Every structure is written in C-alpha cells, then in structure tokens.
>>> print(open('my_file_28.cif').read())   # mmCIF, C-alpha atoms and all ligand atoms
data_target
#
loop_
_atom_site.label_atom_id
_atom_site.label_comp_id
_atom_site.auth_asym_id
_atom_site.auth_seq_id
_atom_site.Cartn_x
_atom_site.Cartn_y
_atom_site.Cartn_z
CA MET J 275 0.00 0.00 0.00
CA ILE J 276 1.16 3.52 -0.82
CA LEU J 277 -0.42 6.52 0.89
CA ILE J 278 0.05 9.97 -0.64
CA LYS J 279 -0.79 12.63 1.97
CA ASP J 280 -1.83 16.27 1.56
CA ILE J 281 -1.66 16.50 -2.19
CA THR J 282 -3.38 18.68 -4.80
CA VAL J 283 -5.03 16.40 -7.37
CA LEU J 284 -6.00 17.00 -11.00
CA PRO J 285 -8.30 13.99 -11.45
CA PHE J 286 -9.77 14.42 -15.00
CA ASP J 287 -12.74 12.39 -13.73
CA GLY J 288 -15.37 14.56 -15.40
CA LYS J 289 -16.36 16.03 -12.02
CA ASP J 290 -13.72 18.08 -10.20
CA LYS J 291 -11.10 20.10 -12.04
CA VAL J 292 -8.92 20.30 -8.95
CA ILE J 293 -9.12 18.61 -5.55
CA ALA J 294 -7.08 20.63 -3.06
CA LYS J 295 -5.11 18.99 -0.24
CA THR J 296 -6.38 15.45 -0.11
CA ASP J 297 -4.98 11.95 0.44
CA VAL J 298 -4.80 9.10 -2.07
CA LEU J 299 -4.42 5.45 -1.05
CA ILE J 300 -3.07 2.86 -3.48
CA LYS J 301 -3.68 -0.82 -2.74
CA GLY J 302 -2.02 -3.33 -5.06
CA ASP J 303 -2.30 -1.98 -8.59
CA ARG J 304 -5.37 0.21 -8.00
CA ILE J 305 -6.55 3.45 -6.42
CA GLU J 306 -8.34 2.37 -3.25
CA LYS J 307 -9.48 5.64 -1.72
CA ILE J 308 -9.38 9.42 -2.22
CA GLY J 309 -10.12 11.78 0.68
CA LYS J 310 -9.04 12.10 4.29
CA ILE J 311 -7.25 8.83 5.07
CA ASP J 312 -5.86 7.77 8.43
CA GLU J 313 -4.91 4.17 7.57
CA LYS J 314 -1.34 3.01 7.92
CA ALA J 315 0.49 2.23 4.69
CA ASP J 316 3.84 0.53 3.95
CA ARG J 317 4.87 3.60 2.06
CA LEU J 318 4.06 7.23 2.86
CA ILE J 319 4.60 9.99 0.30
CA ASP J 320 4.39 13.61 1.43
CA GLY J 321 2.31 15.48 -1.16
CA ASN J 322 3.08 18.97 0.09
CA GLY J 323 4.43 21.12 -2.73
CA LYS J 324 3.37 18.50 -5.27
CA VAL J 325 0.55 18.00 -7.76
CA LEU J 326 -0.83 14.54 -8.55
CA MET J 327 -2.20 13.82 -12.00
CA PRO J 328 -2.86 10.70 -14.08
CA GLY J 329 0.19 9.29 -15.85
CA ILE J 330 0.45 10.90 -19.26
CA VAL J 331 -0.61 8.97 -22.38
CA ASN J 332 1.54 9.46 -25.49
CA ALA J 333 -0.96 8.33 -28.13
CA HIS J 334 1.36 8.36 -31.13
CA THR J 335 5.04 7.50 -31.22
CA HIS J 336 7.72 5.22 -32.63
CA ILE J 337 9.86 4.86 -29.53
CA ALA J 338 12.91 3.11 -30.97
CA MET J 339 13.27 6.02 -33.41
CA SER J 340 15.25 7.64 -30.60
CA LEU J 341 18.17 5.83 -32.27
CA LEU J 342 17.78 8.37 -35.11
CA ARG J 343 17.49 11.40 -32.85
CA ASN J 344 19.12 14.39 -34.58
CA TYR J 345 20.10 12.11 -37.46
CA ALA J 346 18.07 13.73 -40.28
CA ASP J 347 16.52 17.13 -39.72
CA ASP J 348 15.16 20.14 -41.57
CA MET J 349 13.51 18.06 -44.34
CA PRO J 350 9.84 17.73 -45.39
CA LEU J 351 8.08 14.45 -44.52
CA HIS J 352 8.20 12.52 -47.80
CA GLU J 353 11.83 13.42 -48.58
CA TRP J 354 12.78 12.73 -44.94
CA LEU J 355 11.16 9.27 -45.07
CA ASN J 356 12.37 8.22 -48.53
CA ASP J 357 15.93 9.58 -48.50
CA ALA J 358 16.94 9.41 -44.84
CA ILE J 359 14.74 7.36 -42.52
CA TRP J 360 13.58 4.31 -44.48
CA PRO J 361 17.09 3.40 -45.80
CA ILE J 362 18.62 3.27 -42.30
CA GLU J 363 15.54 1.68 -40.70
CA GLY J 364 15.96 -1.14 -43.22
CA LYS J 365 19.26 -2.02 -41.50
CA MET J 366 17.93 -2.14 -37.94
CA ASN J 367 17.88 -5.40 -36.01
CA ALA J 368 16.18 -6.69 -32.87
CA GLU J 369 18.96 -5.57 -30.53
CA ASP J 370 18.77 -2.02 -31.88
CA ILE J 371 15.04 -1.89 -31.18
CA TYR J 372 15.49 -3.19 -27.65
CA TRP J 373 17.99 -0.50 -26.66
CA GLY J 374 16.13 2.26 -28.53
CA SER J 375 12.96 1.23 -26.68
CA MET J 376 14.64 1.15 -23.28
CA LEU J 377 16.20 4.55 -23.87
CA THR J 378 12.86 6.14 -24.77
CA ILE J 379 10.98 4.41 -21.97
CA ALA J 380 13.51 5.92 -19.53
CA GLU J 381 12.96 9.31 -21.13
CA MET J 382 9.18 8.85 -20.89
CA ILE J 383 9.28 7.95 -17.20
CA LEU J 384 11.58 10.92 -16.52
CA SER J 385 8.98 13.23 -18.11
CA GLY J 386 5.80 11.67 -16.71
CA THR J 387 4.52 9.45 -19.54
CA THR J 388 3.28 6.10 -18.27
CA THR J 389 1.44 4.75 -21.34
CA PHE J 390 2.20 4.96 -25.05
CA LEU J 391 0.89 3.75 -28.38
CA ASP J 392 3.78 2.62 -30.56
CA MET J 393 4.19 1.71 -34.22
CA TYR J 394 7.49 0.24 -35.39
CA ASP J 395 9.39 -3.00 -36.12
CA PHE J 396 10.75 -5.91 -34.01
CA MET J 397 7.96 -5.16 -31.57
CA GLU J 398 8.67 -8.21 -29.41
CA GLU J 399 11.74 -6.26 -28.24
CA THR J 400 9.64 -3.24 -27.30
CA ALA J 401 7.26 -5.57 -25.43
CA LYS J 402 10.25 -6.95 -23.51
CA ALA J 403 11.37 -3.41 -22.65
CA VAL J 404 7.85 -2.45 -21.47
CA ASP J 405 7.77 -5.57 -19.30
CA GLN J 406 11.15 -4.86 -17.71
CA ALA J 407 10.68 -1.13 -17.23
CA GLY J 408 7.18 -1.39 -15.73
CA VAL J 409 5.34 1.07 -18.01
CA ARG J 410 2.23 0.43 -20.11
CA GLY J 411 2.39 0.12 -23.90
CA VAL J 412 0.00 -0.56 -26.75
CA LEU J 413 2.24 -1.95 -29.45
CA THR J 414 1.80 -2.26 -33.20
CA TYR J 415 3.93 -3.44 -36.10
CA GLY J 416 3.88 -0.59 -38.63
CA SER J 417 2.93 -2.27 -41.90
CA ILE J 418 3.95 -0.89 -45.27
CA GLU J 419 2.51 -3.03 -48.10
CA ARG J 420 4.89 -5.30 -50.02
CA PRO J 421 2.49 -7.57 -51.98
CA GLU J 422 4.89 -10.55 -51.96
CA ARG J 423 5.03 -10.40 -48.16
CA THR J 424 1.34 -10.00 -47.32
CA GLU J 425 0.69 -13.54 -46.08
CA LYS J 426 3.93 -13.65 -44.09
CA ASN J 427 3.12 -10.28 -42.51
CA ILE J 428 -0.39 -11.31 -41.48
CA GLU J 429 1.07 -14.40 -39.83
CA LYS J 430 3.77 -12.32 -38.08
CA TYR J 431 1.23 -9.85 -36.64
CA ARG J 432 -1.09 -12.65 -35.53
CA ASN J 433 1.78 -14.41 -33.78
CA PHE J 434 2.90 -11.16 -32.14
CA PHE J 435 -0.63 -10.61 -30.85
CA LYS J 436 -0.86 -14.15 -29.49
CA GLU J 437 2.55 -13.96 -27.88
CA CYS J 438 2.43 -10.46 -26.38
CA ASP J 439 -1.13 -9.14 -25.94
CA GLY J 440 -1.84 -9.16 -22.20
CA MET J 441 1.74 -9.90 -21.12
CA ALA J 442 3.41 -8.12 -18.18
CA ASP J 443 0.22 -8.27 -16.05
CA GLY J 444 -1.74 -6.79 -18.93
CA ARG J 445 0.58 -3.78 -19.34
CA VAL J 446 1.30 -4.79 -22.94
CA ARG J 447 -1.58 -4.64 -25.41
CA VAL J 448 -1.37 -5.19 -29.15
CA MET J 449 -3.16 -3.53 -32.06
CA ILE J 450 -2.79 -3.77 -35.85
CA ALA J 451 -1.22 -0.95 -37.88
CA PRO J 452 -1.45 -0.31 -41.59
CA HIS J 453 1.23 2.42 -41.79
CA ALA J 454 -0.75 4.97 -43.84
CA PRO J 455 -3.28 5.25 -46.69
CA TYR J 456 -0.42 6.19 -49.05
CA THR J 457 1.68 3.09 -48.29
CA CYS J 458 -1.17 0.54 -48.34
CA SER J 459 -3.84 -0.38 -50.93
CA ASP J 460 -7.51 -0.69 -50.01
CA SER J 461 -7.33 -4.48 -50.15
CA TYR J 462 -4.26 -4.58 -47.89
CA ILE J 463 -5.84 -2.25 -45.34
CA LEU J 464 -8.90 -4.51 -45.33
CA ARG J 465 -6.77 -7.62 -44.74
CA LEU J 466 -5.33 -5.89 -41.68
CA LYS J 467 -8.79 -4.74 -40.55
CA ASP J 468 -10.02 -8.35 -40.81
CA LEU J 469 -7.07 -9.45 -38.70
CA ALA J 470 -7.85 -6.78 -36.08
CA ASP J 471 -11.50 -7.94 -36.03
CA GLU J 472 -10.44 -11.58 -35.71
CA LEU J 473 -8.22 -10.67 -32.74
CA ARG J 474 -10.83 -8.24 -31.33
CA THR J 475 -8.38 -5.38 -31.23
CA GLY J 476 -8.00 -1.92 -32.81
CA ILE J 477 -6.23 -0.20 -35.68
CA ASN J 478 -3.38 2.36 -35.47
CA ILE J 479 -2.73 4.33 -38.67
CA HIS J 480 -1.29 7.66 -39.89
CA VAL J 481 -4.01 9.69 -41.66
CA SER J 482 -3.92 12.90 -43.69
CA GLU J 483 -0.61 14.13 -42.35
CA THR J 484 0.47 16.36 -45.24
CA GLN J 485 -0.98 18.45 -48.06
CA LYS J 486 0.76 16.08 -50.50
CA GLU J 487 -0.96 13.04 -49.01
CA PHE J 488 -4.33 14.84 -49.22
CA ASP J 489 -3.78 16.04 -52.81
CA ASP J 490 -2.48 12.65 -54.03
CA SER J 491 -5.52 10.94 -52.51
CA MET J 492 -7.86 13.34 -54.33
CA THR J 493 -6.02 12.68 -57.61
CA GLU J 494 -5.79 8.91 -57.24
CA TYR J 495 -9.10 8.08 -55.53
CA GLY J 496 -11.18 11.24 -55.97
CA LYS J 497 -11.59 11.19 -52.19
CA THR J 498 -9.89 12.56 -49.10
CA PRO J 499 -7.90 9.97 -47.11
CA VAL J 500 -10.60 10.02 -44.39
CA GLN J 501 -13.44 9.55 -46.90
CA ARG J 502 -11.54 6.70 -48.58
CA LEU J 503 -10.92 4.86 -45.29
CA LYS J 504 -14.56 5.33 -44.29
CA ASP J 505 -15.82 4.03 -47.63
CA ILE J 506 -13.80 0.80 -47.40
CA GLY J 507 -15.19 0.25 -43.89
CA LEU J 508 -11.99 0.65 -41.86
CA PHE J 509 -13.70 2.89 -39.31
CA ASP J 510 -16.16 0.15 -38.34
CA THR J 511 -13.19 -1.09 -36.28
CA HIS J 512 -11.79 1.03 -33.39
CA THR J 513 -9.27 3.27 -35.20
CA VAL J 514 -6.59 5.57 -33.83
CA ALA J 515 -5.73 8.09 -36.57
CA ALA J 516 -2.43 9.89 -36.06
CA HIS J 517 -2.10 13.48 -37.31
CA CYS J 518 -5.41 14.29 -39.11
CA VAL J 519 -3.88 17.62 -40.21
CA TYR J 520 -5.73 18.01 -43.52
CA LEU J 521 -9.44 17.51 -42.87
CA THR J 522 -12.48 18.89 -44.65
CA ASP J 523 -15.56 19.68 -42.55
CA GLU J 524 -17.07 16.48 -43.97
CA ASP J 525 -14.00 14.54 -42.77
CA ILE J 526 -14.52 15.93 -39.26
CA ASP J 527 -18.16 14.78 -39.39
CA ILE J 528 -17.00 11.29 -40.41
CA ILE J 529 -14.48 11.20 -37.53
CA LYS J 530 -17.26 12.15 -35.12
CA GLU J 531 -19.86 9.80 -36.55
CA LYS J 532 -17.56 6.77 -36.80
CA ASN J 533 -15.85 7.37 -33.41
CA VAL J 534 -12.38 7.62 -34.92
CA TYR J 535 -9.72 8.72 -32.40
CA PRO J 536 -7.48 11.45 -33.85
CA VAL J 537 -4.07 12.11 -32.34
CA ASN J 538 -2.50 15.56 -32.58
CA ASN J 539 1.31 15.71 -32.83
CA PRO J 540 2.02 19.45 -32.76
CA THR J 541 5.83 19.34 -32.60
CA SER J 542 6.16 16.80 -35.42
CA ASN J 543 3.70 18.71 -37.59
CA LEU J 544 5.72 21.88 -37.02
CA LYS J 545 9.13 20.32 -37.55
CA LEU J 546 8.22 18.43 -40.73
CA ALA J 547 6.37 21.55 -41.93
CA SER J 548 3.19 19.49 -42.25
CA GLY J 549 0.71 22.09 -41.00
CA PHE J 550 -1.88 22.65 -38.26
CA ALA J 551 -4.61 20.15 -37.42
CA PRO J 552 -8.09 21.64 -36.85
CA ILE J 553 -8.12 20.85 -33.12
CA LYS J 554 -10.61 23.52 -32.07
CA LYS J 555 -13.18 22.31 -34.62
CA MET J 556 -12.77 18.68 -33.54
CA LEU J 557 -12.98 19.45 -29.82
CA ALA J 558 -16.06 21.63 -30.43
CA LYS J 559 -17.77 18.57 -31.94
CA GLY J 560 -16.95 16.54 -28.85
CA ILE J 561 -14.23 14.47 -30.54
CA PRO J 562 -11.75 13.40 -27.82
CA VAL J 563 -8.54 14.41 -29.63
CA ALA J 564 -5.49 12.77 -28.05
CA LEU J 565 -1.89 13.96 -28.05
CA GLY J 566 1.40 12.41 -29.15
CA THR J 567 5.04 13.19 -29.74
CA ASP J 568 5.57 11.08 -32.88
CA GLY J 569 9.08 9.55 -33.06
CA SER J 570 12.19 11.16 -31.66
CA SER J 571 13.49 11.74 -35.16
CA SER J 572 10.72 14.26 -35.90
CA ASN J 573 10.47 15.96 -32.52
CA ASN J 574 13.31 15.26 -31.18
CA ASN J 575 12.25 13.99 -27.75
CA VAL J 576 9.22 12.38 -26.10
CA ASN J 577 8.55 15.06 -23.49
CA MET J 578 4.74 15.31 -23.52
CA PHE J 579 4.80 18.56 -21.52
CA GLU J 580 6.09 20.23 -24.69
CA GLU J 581 3.10 18.84 -26.62
CA ILE J 582 0.64 19.93 -23.92
CA HIS J 583 2.18 23.39 -23.96
CA LEU J 584 2.08 23.60 -27.75
CA ALA J 585 -1.48 22.26 -28.02
CA ALA J 586 -2.58 24.93 -25.56
CA ILE J 587 -0.77 27.89 -27.16
CA LEU J 588 -0.39 27.05 -30.85
CA ASN J 589 -4.08 26.72 -31.66
CA LYS J 590 -4.80 30.09 -30.10
CA ALA J 591 -2.60 31.77 -32.71
CA VAL J 592 -3.75 29.54 -35.58
CA ASP J 593 -7.41 30.25 -34.79
CA LYS J 594 -6.76 33.83 -33.62
CA ASP J 595 -8.82 32.87 -30.58
CA ALA J 596 -7.36 32.83 -27.06
CA THR J 597 -10.01 30.29 -25.99
CA SER J 598 -9.25 27.86 -28.84
CA VAL J 599 -7.68 25.07 -26.75
CA SER J 600 -7.72 25.80 -23.03
CA ALA J 601 -5.07 24.66 -20.55
CA TYR J 602 -7.54 22.12 -19.18
CA GLU J 603 -8.44 20.75 -22.64
CA ALA J 604 -4.75 20.33 -23.50
CA LEU J 605 -4.21 18.34 -20.29
CA LYS J 606 -7.28 16.21 -21.06
CA MET J 607 -5.82 15.47 -24.50
CA ALA J 608 -2.71 14.09 -22.78
CA THR J 609 -4.58 11.98 -20.21
CA ILE J 610 -8.19 10.81 -20.47
CA ASN J 611 -8.50 11.42 -24.23
CA GLY J 612 -5.32 9.39 -24.81
CA ALA J 613 -6.75 6.60 -22.67
CA LYS J 614 -9.94 6.63 -24.77
CA ALA J 615 -7.94 6.44 -28.01
CA LEU J 616 -6.10 3.39 -26.70
CA GLY J 617 -9.33 1.78 -25.49
CA LEU J 618 -8.03 1.87 -21.92
CA ASP J 619 -10.23 4.60 -20.39
CA LYS J 620 -11.97 2.18 -18.03
CA GLU J 621 -8.56 1.48 -16.45
CA ILE J 622 -6.38 4.59 -16.80
CA GLY J 623 -6.41 8.27 -17.84
CA SER J 624 -8.06 9.70 -14.72
CA ILE J 625 -7.72 9.51 -10.95
CA GLU J 626 -10.76 7.63 -9.67
CA VAL J 627 -11.32 4.92 -7.07
CA GLY J 628 -11.04 1.50 -8.69
CA LYS J 629 -8.85 2.61 -11.57
CA LYS J 630 -5.27 1.48 -12.06
CA ALA J 631 -2.74 3.46 -10.02
CA ASP J 632 -0.88 5.05 -12.94
CA LEU J 633 0.03 8.37 -11.38
CA ILE J 634 2.64 11.10 -11.52
CA LEU J 635 3.69 13.63 -8.90
CA ILE J 636 4.90 17.00 -10.16
CA ASP J 637 7.13 19.10 -7.93
CA VAL J 638 5.63 22.60 -7.96
CA ASP J 639 7.79 23.96 -5.17
CA LYS J 640 9.94 25.82 -7.70
CA PRO J 641 10.38 29.41 -8.89
CA HIS J 642 8.67 28.87 -12.24
CA PHE J 643 5.50 27.68 -10.48
CA THR J 644 5.49 30.51 -7.94
CA PRO J 645 2.99 31.88 -7.11
CA LEU J 646 0.68 28.94 -7.79
CA ASN J 647 -2.32 31.06 -8.71
CA ASN J 648 -3.94 28.43 -10.94
CA VAL J 649 -2.81 24.81 -10.79
CA VAL J 650 -4.30 23.80 -14.15
CA SER J 651 -2.59 26.71 -15.92
CA ALA J 652 0.65 26.02 -14.06
CA ILE J 653 0.83 22.43 -15.31
CA ALA J 654 -0.13 23.30 -18.90
CA TYR J 655 1.87 26.49 -19.32
CA SER J 656 4.76 26.39 -16.82
CA ALA J 657 5.64 22.73 -16.26
CA GLN J 658 8.70 21.03 -17.74
CA GLY J 659 9.11 17.26 -18.08
CA SER J 660 11.90 17.49 -15.52
CA ASP J 661 9.42 18.75 -12.89
CA VAL J 662 7.99 15.21 -12.68
CA ASP J 663 9.28 13.91 -9.36
CA THR J 664 7.67 10.52 -8.85
CA VAL J 665 6.03 8.04 -11.25
CA ILE J 666 3.77 5.13 -10.29
CA VAL J 667 2.43 2.53 -12.74
CA ASP J 668 0.20 -0.39 -11.75
CA GLY J 669 0.79 0.65 -8.13
CA LYS J 670 4.57 0.33 -8.44
CA LEU J 671 7.12 3.11 -8.09
CA LEU J 672 9.08 3.48 -11.35
CA MET J 673 10.69 6.76 -10.29
CA GLU J 674 11.00 8.42 -6.89
CA ASN J 675 12.58 11.83 -6.31
CA ARG J 676 13.72 11.62 -9.97
CA GLU J 677 15.57 8.38 -9.40
CA LEU J 678 14.67 5.63 -11.88
CA LYS J 679 13.86 2.39 -10.07
CA THR J 680 13.63 -0.11 -12.92
CA ILE J 681 16.18 1.11 -15.47
CA ASP J 682 19.97 1.38 -15.26
CA ILE J 683 20.15 4.53 -17.36
CA GLU J 684 23.96 4.63 -17.62
CA ASP J 685 23.94 1.12 -19.07
CA VAL J 686 21.09 1.94 -21.48
CA MET J 687 22.88 5.05 -22.79
CA LYS J 688 26.15 3.17 -23.17
CA ASN J 689 24.49 0.37 -25.13
CA THR J 690 22.52 2.83 -27.26
CA ASN J 691 25.67 4.70 -28.25
CA ARG J 692 27.38 1.40 -29.07
CA ILE J 693 24.61 0.05 -31.31
CA VAL J 694 24.00 3.37 -33.08
CA GLU J 695 27.66 3.66 -34.00
CA ASP J 696 27.40 0.20 -35.52
CA LEU J 697 24.03 0.90 -37.21
CA ILE J 698 25.27 4.00 -39.01
CA SER J 699 28.30 2.20 -40.43
CA ARG J 700 26.31 -1.00 -41.20
CA LYS J 701 26.21 -2.07 -44.85
ZN ZN J 801 4.19 8.65 -36.83
#
>>> encode(input="my_file_28.cif", output="structure tokens")
Amino acid sequence: MILIKDITVLPFDGKDKVIAKTDVLIKGDRIEKIGKIDEKADRLIDGNGKVLMPGIVNAHTHIAMSLLRNYADDMPLHEWLNDAIWPIEGKMNAEDIYWGSMLTIAEMILSGTTTFLDMYDFMEETAKAVDQAGVRGVLTYGSIERPERTEKNIEKYRNFFKECDGMADGRVRVMIAPHAPYTCSDSYILRLKDLADELRTGINIHVSETQKEFDDSMTEYGKTPVQRLKDIGLFDTHTVAAHCVYLTDEDIDIIKEKNVYPVNNPTSNLKLASGFAPIKKMLAKGIPVALGTDGSSSNNNVNMFEEIHLAAILNKAVDKDATSVSAYEALKMATINGAKALGLDKEIGSIEVGKKADLILIDVDKPHFTPLNNVVSAIAYSAQGSDVDTVIVDGKLLMENRELKTIDIEDVMKNTNRIVEDLISRK
C-alpha cells in the first residue's frame, strides 16, 4: 500500500477540475481511496508542494526512433522518409530496437509518460522493454505493403498478438497498424482490418498528415484519405488516426460519426512543416482528440509537456482565438483522451477509485510555479518534463525523487551509443 498525503489532485474524472489537499491510497495496482485517510500504509509519500495527475498517455510514437534522434533534420516528410529514414531503418535489427525502446521508456518515465501507443518494427523487443521497465504500452507493427510479403506479414502480426497481448500483467496490449493510406492499398488495409476484427483489437494508422498526401488521394481516388478509409469500412473497427492535419468539414463529421480517435502531434507537424490540425473544430464537436510526440526523429524527444504546452498555445494563434484550446483541454488530451484512443479509459487516464494506479507527482515547489495562482494553468503552461518527481504505474514506483527504479540509465545510454555507431556504419 502507498499513501500519498496532503496533495493537490488533477483527477480528470469529469467532475472536479482540482481537488485541493487530499490523500490518495493505493492498494495493489489500483486506487483504493481518495479523501481524508488515516490508515497506515507501507509507504508514505508527502504530497506537500506536489501535484498529482494521471500518468500521461503518449498516443502516437515510434519509440525506438530515438536511435535516429538528430540524425536527419530540416527536411519535409516525404523526402525525410524516402531519403533518410527508411534506408537506415531497413538495416535495424532486434537488438537495436530493444535499446532504442529502453532509452525512450527511460525518457518517458523521466517526463511523466506512463502509457504509449507505438508503431514500429521488431515489436517483441519493445514488449520486452515495457515488461522490464514497468510502463504500459499498446504496441503495433507498422505495416507498409509489399504484396509478396502479405501472407507472411499477417502471420507475423497474428503471432505477435498471441505472444504479447496481455503480457506483463496486462501492461502490454497489441493492435494492428497499416502504416498509412499512401503506403497501403484498399485491399491490404482490409486484410489488416479483418485481422484486427479476428483478434478483437483496434487499428493504429497515420491519416492525412500532409498536403501532399491529401492532394495525391484526391487525384488517385477522388476522395480525401478520411473519406476513402470510411468508404472501405476501416472505421467500423476502433481506429486511432495519427495526425489528421488536412481535414475537410465532412472529414470531421466522419471522424465524429464513426468514433475515430485522432491524435494531434504538434511538434512533429511543425518540424516536418506538415501544418496545423483543426483541433478547435474537432474538440467543439466533442471528438476526444489525443496527443502524441511522434518519433524522436521528428520531434526530437518524447517530453509530452512540450506537446501539452504547444497544443494549448499554438491553436490560439492559428485560430486567432485565445479560448481555442484551453489549458484544461490540452491536459485532457494528454490523459483521459489518450486513454480513450487506446481503449483503456476504463482502467487509466483519470484519478478515480477502482482505476489502475498510474500516477505522476509533479514538484511545484519551484520558482517557475510561484505563485501557484492556478494549478491547471501552471501544469499546462509552466511545467517542464523534468518537474515530474515521482512516477507510479500499476501501483509500483518506477521513479521516486527523480531516481529511476527499474532502469539502469547509464547502461542503457552506453548500449545505445554502441549500437547506433554500428548501425550508421552497417552495410
Ligand atoms: Zn508517426
């Protein structure tokens, strides 16, 4: 049992925005009680000067891409993928993915992310890293169509699901991921949808990220990417749609009607010069837009506080409306909306009795939080990832007073540097 005393809580439970000075009791992997608590616990955490919020959900990333951090920059998406990223990714092996995953998981814990939705390769290695590090991950093999490999791929994803979905006490979940509408044909996307339906899981896909993708889709199919995916029936299966930058008003109606879960990646969209997603319009329709970092090669970190900050300020300027995305909405995007996108909102994403104890404590006893006039604003506008002091997942401490409990970070960095040196020179 862990008892957190005298803490300010941002619960995102749909009721209170802020609960001032309360106690939270964790029993096993779940939140047992919130309120004045006098029980004895094995572990007491003093909440004075701290804010408790749900562990952050990074709803779109490629965590092992940290290996390519600062490797190819200042290029537009399609050139960046074709000329820089895909050639070196083709040389990666399982060991690379393991160390890249461990490195990013450490970085996520250090900046308050407890759950992520990933799309990459050698995903068994990422599952192993999630298991060892103690975080929560929804993992997908990113699938780019190669017609000669279709049957092999389907078998690989099915085996990955059977082997890894539910492992690590249920902290690893598996979905199916056609990479994007521009790298997969209709028939291939439908094969993957059928597989997701067979396995009773969801779809993770990039959608309408760039003007080029949108224009090419209009030329080739006479439809927007969203319209095309709707027409083939993809959205009848739970779908997480990363980016959704280029959307017509009709596309937004489809997303609402078909319960598609869009994920905004503001830093990646800025850095790859992709554009600005219509977040205000989607939120106004009640669409629970989630938030992600994308990979560390287009960001170049996984600090979700930067995304929260950007989501809250960027849209104000884009829409010329200071109420466009409020501090509170931006924090919801990073917590409960992310949990909804991942299909995990009954378990995580808010602080409520009975939910999993995936929690972070932020140290607000610092100059840049002083005076603490408004806690919600402080966390959205003033917080840095490095202000996260303590991280709990499934009721277990993964970081305390900024000390990682499950990862030997020196060893991870040493191994990452070693394998990246080899990867870059690999023929
Ligand atoms: Zn991506």
>>> residues_around(input="my_file_28.cif", residues="Lys532 (chain J)", least_positions_apart="5", cutoff="10 Å", atoms="only C-alpha atoms", output="count of residues only")
10
>>> residues_around(input="my_file_28.cif", residues="Pro285 (chain J)", least_positions_apart="3", cutoff="8 Å", atoms="only C-alpha atoms", output="count of residues only")
9
>>> residues_near_ligand(input="my_file_28.cif", ligand="ligand ZN 801 (chain J)", cutoff="7 Å", atoms="all atoms listed in the file", output="count of residues only")
7
>>> atom_distance(input="my_file_28.cif", atom1="CA of Ile561 (chain J)", atom2="CA of Ile528 (chain J)")
10.7 Å
>>> closest_residue(input="my_file_28.cif", among="J:Gly496, J:Gly628, J:Gly617, J:Pro455", to="Val534 (chain J)", atoms="all atoms listed in the file")
J:Gly617
>>> residues_near_point(input="my_file_28.cif", point="(-0.3, 10.8, -20.6)", cutoff="12 Å", atoms="all atoms listed in the file", output="PyMOL selection string")
chain J and resi 286+327-334+382-383+385-391+409-411+564-567+576-579+581-582+604-616+618-619+622-624+632-634+659+665+667
>>> residues_near_point(input="my_file_28.cif", point="(-3.1, 7.6, -38.4)", cutoff="7 Å", atoms="only C-alpha atoms", output="PyMOL selection string")
chain J and resi 454+478-481+514-517
>>> residues_around(input="my_file_28.cif", residues="region 465-470 of chain J", least_positions_apart="6", cutoff="8 Å", atoms="only C-alpha atoms", output="PyMOL selection string")
chain J and resi 428+432+449-452+476-477+508+511
>>> write_last_selection(input="my_file_28.cif", atoms="C-alpha atoms", output="compact mmCIF listing (two decimals), keeping the file's coordinate frame")
# COMPACT_ATOMS: atom_id res chain seq x y z
CA ILE J 428 -0.39 -11.31 -41.48
CA ARG J 432 -1.09 -12.65 -35.53
CA MET J 449 -3.16 -3.53 -32.06
CA ILE J 450 -2.79 -3.77 -35.85
CA ALA J 451 -1.22 -0.95 -37.88
CA PRO J 452 -1.45 -0.31 -41.59
CA GLY J 476 -8.00 -1.92 -32.81
CA ILE J 477 -6.23 -0.20 -35.68
CA LEU J 508 -11.99 0.65 -41.86
CA THR J 511 -13.19 -1.09 -36.28
>>> residues_around(input="my_file_28.cif", residues="region 346-349 of chain J", least_positions_apart="6", cutoff="10 Å", atoms="only C-alpha atoms", output="tab-separated table (two decimals) with C-alpha atoms, keeping the file's coordinate frame")
chain	number	residue	atom	x	y	z
J	355	LEU	CA	11.16	9.27	-45.07
J	357	ASP	CA	15.93	9.58	-48.50
J	358	ALA	CA	16.94	9.41	-44.84
J	359	ILE	CA	14.74	7.36	-42.52
J	545	LYS	CA	9.13	20.32	-37.55
J	546	LEU	CA	8.22	18.43	-40.73
J	547	ALA	CA	6.37	21.55	-41.93
J	571	SER	CA	13.49	11.74	-35.16
J	572	SER	CA	10.72	14.26	-35.90
J	573	ASN	CA	10.47	15.96	-32.52
J	574	ASN	CA	13.31	15.26	-31.18
>>> residues_around(input="my_file_28.cif", residues="Ile587 (chain J)", least_positions_apart="2", cutoff="12 Å", atoms="only C-alpha atoms", output="count of residues only")
29
>>> closest_residue(input="my_file_28.cif", among="J:Leu377, J:Val448, J:Ile319, J:Leu351", to="Met397 (chain J)", atoms="all atoms listed in the file")
J:Val448
>>> closest_residue(input="my_file_28.cif", among="J:Met275, J:Val325, J:Ile311, J:Leu672", to="Ala657 (chain J)", atoms="all atoms listed in the file")
J:Val325
>>> closest_residue(input="my_file_28.cif", among="J:Ile278, J:Thr296, J:Asp395, J:Lys324", to="Lys365 (chain J)", atoms="only C-alpha atoms")
J:Asp395
>>> axis_aligned_box(input="my_file_28.cif", around="region 642-661 of chain J", padding_each_side="8 Å", output="JSON")
{"center_x": 3.8, "center_y": 24.6, "center_z": -13.2, "size_x": 32.2, "size_y": 30.6, "size_z": 28.2}
>>> decode(input="my_file_28.cif", residues="region 436-467 of chain J", atoms="C-alpha atoms", output="compact mmCIF listing (two decimals), in the first residue's frame")
# COMPACT_ATOMS: atom_id res chain seq x y z
CA LYS J 436 -0.86 -14.15 -29.49
CA GLU J 437 2.55 -13.96 -27.88
CA CYS J 438 2.43 -10.46 -26.38
CA ASP J 439 -1.13 -9.14 -25.94
CA GLY J 440 -1.84 -9.16 -22.20
CA MET J 441 1.74 -9.90 -21.12
CA ALA J 442 3.41 -8.12 -18.18
CA ASP J 443 0.22 -8.27 -16.05
CA GLY J 444 -1.74 -6.79 -18.93
CA ARG J 445 0.58 -3.78 -19.34
CA VAL J 446 1.30 -4.79 -22.94
CA ARG J 447 -1.58 -4.64 -25.41
CA VAL J 448 -1.37 -5.19 -29.15
CA MET J 449 -3.16 -3.53 -32.06
CA ILE J 450 -2.79 -3.77 -35.85
CA ALA J 451 -1.22 -0.95 -37.88
CA PRO J 452 -1.45 -0.31 -41.59
CA HIS J 453 1.23 2.42 -41.79
CA ALA J 454 -0.75 4.97 -43.84
CA PRO J 455 -3.28 5.25 -46.69
CA TYR J 456 -0.42 6.19 -49.05
CA THR J 457 1.68 3.09 -48.29
CA CYS J 458 -1.17 0.54 -48.34
CA SER J 459 -3.84 -0.38 -50.93
CA ASP J 460 -7.51 -0.69 -50.01
CA SER J 461 -7.33 -4.48 -50.15
CA TYR J 462 -4.26 -4.58 -47.89
CA ILE J 463 -5.84 -2.25 -45.34
CA LEU J 464 -8.90 -4.51 -45.33
CA ARG J 465 -6.77 -7.62 -44.74
CA LEU J 466 -5.33 -5.89 -41.68
CA LYS J 467 -8.79 -4.74 -40.55
